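Visitor: Here you go, this is model.txt (compact mmCIF, C-alpha atoms).
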# COMPACT_ATOMS: atom_id res chain seq x y z
CA MET A 1 -242.31 -325.90 -148.47
CA ILE A 2 -238.86 -324.47 -148.89
CA ALA A 3 -236.03 -326.91 -149.06
CA GLN A 4 -232.79 -325.83 -147.54
CA GLN A 5 -229.68 -326.52 -149.45
CA SER A 6 -226.58 -327.22 -147.53
CA ASP A 7 -223.53 -325.31 -148.56
CA GLY A 8 -221.31 -328.15 -147.29
CA ILE A 9 -219.57 -326.16 -144.56
CA GLU A 10 -221.25 -328.05 -141.72
CA GLU A 11 -220.50 -331.38 -143.40
CA LEU A 12 -216.86 -330.40 -143.97
CA ALA A 13 -216.46 -329.34 -140.34
CA ALA A 14 -217.97 -332.61 -139.08
CA ALA A 15 -215.74 -334.69 -141.35
CA SER A 16 -212.69 -332.71 -140.31
CA SER A 17 -213.28 -333.11 -136.59
CA SER A 18 -213.90 -336.85 -136.90
CA GLY A 19 -210.66 -337.15 -138.89
CA ILE A 20 -208.73 -335.49 -136.07
CA GLY A 21 -210.33 -337.91 -133.60
CA ILE A 22 -209.27 -340.88 -135.71
CA HIS A 23 -205.74 -339.46 -135.99
CA ARG A 24 -205.51 -339.02 -132.20
CA SER A 25 -206.79 -342.57 -131.65
CA ARG A 26 -204.15 -343.98 -133.97
CA LEU A 27 -201.47 -341.91 -132.28
CA ALA A 28 -202.57 -343.16 -128.85
CA ILE A 29 -202.50 -346.79 -130.05
CA LEU A 30 -199.05 -346.29 -131.55
CA ALA A 31 -197.70 -344.70 -128.34
CA SER A 32 -199.20 -347.48 -126.20
CA THR A 33 -197.66 -350.13 -128.45
CA ALA A 34 -194.25 -348.45 -128.22
CA VAL A 35 -194.45 -348.35 -124.41
CA VAL A 36 -195.40 -352.05 -124.24
CA LEU A 37 -192.60 -353.06 -126.62
CA VAL A 38 -189.98 -351.09 -124.68
CA GLY A 39 -191.22 -352.67 -121.45
CA LEU A 40 -190.99 -356.16 -122.94
CA TYR A 41 -187.50 -355.45 -124.21
CA MET A 42 -186.30 -354.24 -120.81
CA ALA A 43 -187.88 -357.21 -119.00
CA THR A 44 -186.43 -359.70 -121.47
CA LYS A 45 -182.99 -358.11 -121.27
CA HIS A 46 -183.08 -358.28 -117.46
CA PHE A 47 -184.33 -361.85 -117.16
CA LEU A 48 -182.12 -363.28 -119.91
CA SER A 49 -178.93 -361.67 -118.63
CA ILE A 50 -176.50 -363.37 -116.30
CA ASP A 51 -178.47 -363.79 -113.08
CA SER A 52 -177.27 -361.20 -110.59
CA THR A 53 -178.64 -363.08 -107.58
CA SER A 54 -176.98 -366.40 -108.34
CA ALA A 55 -173.96 -367.66 -106.48
CA GLU A 56 -170.50 -367.35 -107.94
CA GLN A 57 -169.91 -369.62 -110.92
CA THR A 58 -166.97 -371.03 -112.80
CA ARG A 59 -166.84 -369.59 -116.31
CA ALA A 60 -164.53 -371.22 -118.86
CA PHE A 61 -163.39 -369.34 -121.95
CA SER A 62 -161.03 -370.25 -124.79
CA VAL A 63 -158.94 -368.00 -127.00
CA ASP A 64 -157.10 -369.15 -130.12
CA ILE A 65 -154.56 -366.53 -131.14
CA GLY A 66 -153.94 -366.77 -134.88
CA GLU A 67 -153.01 -364.60 -137.83
CA ALA A 68 -156.43 -362.89 -138.06
CA CYS A 69 -156.24 -361.95 -134.40
CA LEU A 70 -152.79 -360.43 -134.74
CA ARG A 71 -153.64 -358.45 -137.87
CA GLY A 72 -156.92 -357.18 -136.41
CA THR A 73 -159.09 -358.68 -139.16
CA ALA A 74 -161.18 -360.64 -136.65
CA GLU A 75 -163.27 -358.93 -133.98
CA PRO A 76 -162.01 -359.97 -130.53
CA PRO A 77 -164.52 -362.03 -128.53
CA VAL A 78 -166.21 -360.52 -125.47
CA PHE A 79 -166.53 -362.79 -122.43
CA ASP A 80 -169.19 -362.03 -119.79
CA ALA A 81 -168.86 -362.76 -116.09
CA ARG A 82 -169.98 -361.44 -112.69
CA GLU A 83 -167.98 -360.28 -109.69
CA GLY A 84 -166.89 -363.28 -107.67
CA ASP A 85 -166.98 -365.71 -110.61
CA ARG A 86 -164.03 -368.04 -111.07
CA ILE A 87 -162.55 -367.54 -114.55
CA VAL A 88 -160.74 -370.34 -116.35
CA LEU A 89 -159.09 -369.04 -119.51
CA THR A 90 -157.49 -371.50 -121.93
CA VAL A 91 -155.25 -370.03 -124.63
CA THR A 92 -153.53 -371.46 -127.69
CA SER A 93 -151.32 -369.29 -129.85
CA LEU A 94 -149.27 -369.42 -133.03
CA TYR A 95 -146.89 -366.94 -131.40
CA SER A 96 -144.63 -366.90 -128.38
CA GLY A 97 -145.12 -364.17 -125.85
CA ALA A 98 -147.45 -363.43 -122.99
CA LEU A 99 -151.17 -362.91 -122.66
CA TYR A 100 -151.64 -359.87 -120.45
CA ILE A 101 -154.93 -358.95 -118.78
CA HIS A 102 -154.90 -355.16 -118.41
CA GLY A 103 -156.48 -353.89 -115.20
CA MET A 104 -156.10 -357.23 -113.44
CA GLU A 105 -152.34 -357.22 -113.94
CA ARG A 106 -152.22 -360.93 -114.75
CA GLU A 107 -149.94 -362.55 -117.27
CA LEU A 108 -149.79 -365.96 -118.92
CA ASN A 109 -146.70 -367.11 -120.84
CA LEU A 110 -147.46 -368.63 -124.23
CA THR A 111 -145.53 -371.16 -126.27
CA PRO A 112 -146.49 -371.58 -129.95
CA GLY A 113 -148.75 -374.59 -130.51
CA SER A 114 -149.16 -375.32 -126.79
CA GLU A 115 -152.19 -374.83 -124.62
CA ALA A 116 -151.83 -372.56 -121.59
CA ARG A 117 -154.37 -371.98 -118.82
CA ILE A 118 -154.88 -369.31 -116.19
CA THR A 119 -157.45 -369.40 -113.39
CA PHE A 120 -158.46 -366.44 -111.24
CA THR A 121 -161.42 -364.82 -109.50
CA ALA A 122 -163.08 -361.79 -111.09
CA GLU A 123 -162.88 -359.57 -108.03
CA HIS A 124 -164.00 -356.21 -109.46
CA ALA A 125 -166.56 -355.14 -112.05
CA GLY A 126 -165.12 -353.61 -115.19
CA ARG A 127 -163.97 -354.13 -118.76
CA TYR A 128 -160.60 -355.86 -119.04
CA TYR A 129 -158.61 -356.09 -122.25
CA LEU A 130 -156.60 -359.23 -123.01
CA HIS A 131 -153.53 -358.47 -125.13
CA LEU A 132 -150.85 -360.63 -126.67
CA HIS A 133 -147.43 -359.15 -125.93
CA ARG A 134 -145.14 -360.81 -128.47
CA GLU A 135 -141.52 -361.71 -127.98
CA ASP A 136 -140.16 -360.10 -131.11
CA PRO A 137 -137.88 -357.13 -131.80
CA ASP A 138 -140.89 -354.83 -132.27
CA HIS A 139 -142.60 -356.04 -129.07
CA ALA A 140 -145.85 -356.00 -131.02
CA HIS A 141 -149.07 -356.54 -129.15
CA ALA A 142 -152.66 -357.12 -130.19
CA GLU A 143 -156.03 -357.18 -128.48
CA VAL A 144 -157.23 -360.78 -128.47
CA ALA A 145 -160.32 -360.65 -126.23
CA VAL A 146 -162.29 -358.58 -123.74
CA LEU A 147 -163.54 -359.72 -120.34
CA GLU A 148 -166.59 -357.82 -119.08
CA VAL A 149 -167.23 -358.33 -115.38
CA ALA A 150 -170.65 -357.09 -114.25
CA PRO A 151 -171.38 -356.14 -110.66
CA ARG A 152 -173.21 -358.67 -108.54
Could you quickly redo this structure as structure tokens?
Guide:
Amino acid sequence: MIAQQSDGIEELAAASSSGIGIHRSRLAILASTAVVLVGLYMATKHFLSIDSTSAEQTRAFSVDIGEACLRGTAEPPVFDAREGDRIVLTVTSLYSGALYIHGMERELNLTPGSEARITFTAEHAGRYYLHLHREDPDHAHAEVAVLEVAPR
């Protein structure tokens, strides 16, 4: 009886092809996981956002204009609303001047240390910048907040 000795080529080829199969399986699992995670993210983002089907709401926001705001060392807050929402904005400031809402062309006069309030309806979707226009010789102004109005 003659025993055949394997030169290892068949074994190497079998091991190599099974390794490719394992690699493809892992790649398929990874791709499926990525698709599921992206889907969950999109669904969560949609359902946890301001409800687009709800009726108009009153949204109240407050802005305190201080030294950090004027110097730009504090990031201005971003307020979220939907078209048709009633906006109530309460402002206190260390400075005299006017709060101006660019794009809505609304203005609120400010007296240092006093609270001022403006109420309006967010009629159009968009990003509106709220600036302090100071009453000083330089007429300095600073961005104090942003109002983002999403479409309904």
Visitor: Near Gly66 in chain A, within 8 Å and counting all atoms listed in the file, which residues show up once chain neighbours fewer than 3 positions away are dropped, as number ranges by chain?
Guide: A: 69-70, 93-95
Visitor: Looking at only C-alpha atoms, which of A:Val91, A:His131, A:Val35, A:Asp136 is the one that sits closest to Ala116 in chain A?
Guide: A:Val91
Visitor: Could you give me the centre and size, in Å to one decimal, of an axis-aligned box around all listed atoms of range 105-116 of chain A with 8 Å added on every side, as JSON?
Guide:
{"center_x": -148.9, "center_y": -366.3, "center_z": -122.2, "size_x": 22.8, "size_y": 34.1, "size_z": 32.6}
Visitor: Report, in Å with one decimal, the straight-line distance from CA of Arg134 in chain A to CA of Phe61 in chain A.
Guide: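 So the answer is 21.2 Å.
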Visitor: Select all residues near (-152.1, -356.8, -127.7) (cut-off 7 Å, inclusive, file coordinates), counting all atoms listed in the file, and output them as a ChimeraX atom specification.
Guide: /A:130-133,141-144
Visitor: Please compute the CA of Pro77 in chain A-CA of Val149 in chain A distance, one decimal, in Å.
Guide: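 Between these atoms lies a distance of 13.9 Å.
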Visitor: Counting all atoms listed in the file, which of A:Glu115, A:Arg152, A:Glu135, A:Ala60 gets nearest to Gly97 in chain A?
Guide: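 Answer, going by the shortest atom-to-atom distance: A:Glu135.
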Visitor: Could you check how far CA of Leu147 in chain A sits from CA of Leu99 in chain A, in Å to one decimal?
Guide: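 Computing the Euclidean distance for CA of Leu147 in chain A and CA of Leu99 in chain A yields 13.0 Å.
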Visitor: With distances taken over only C-alpha atoms, which of A:Arg117, A:Val38, A:Gly72, A:Ala122 is nearest to Gln57 in chain A?
Guide: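 Residue with the minimum atom-to-atom distance to Gln57 in chain A: A:Ala122.
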Visitor: Considering only C-alpha atoms, can you say which of A:Thr90, A:Ser32, A:Thr121, A:Asn109 comes closest to Ser62 in chain A?
Guide: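 Nearest to Ser62 in chain A: A:Thr90.
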Visitor: Quick one: of A:Ala145, A:Ile87, A:Val78, A:Ile29, who's nearest to Thr119 in chain A, counting all atoms listed in the file?
Guide: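 For Thr119 in chain A, the nearest of the given residues is A:Ile87.
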Visitor: Pick the closest to Tyr129 in chain A from A:Ile101, A:Leu108, A:Ile65, A:Ala31: which is it, counting all atoms listed in the file?
Guide: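 Of all the options, A:Ile101 lies closest to Tyr129 in chain A.
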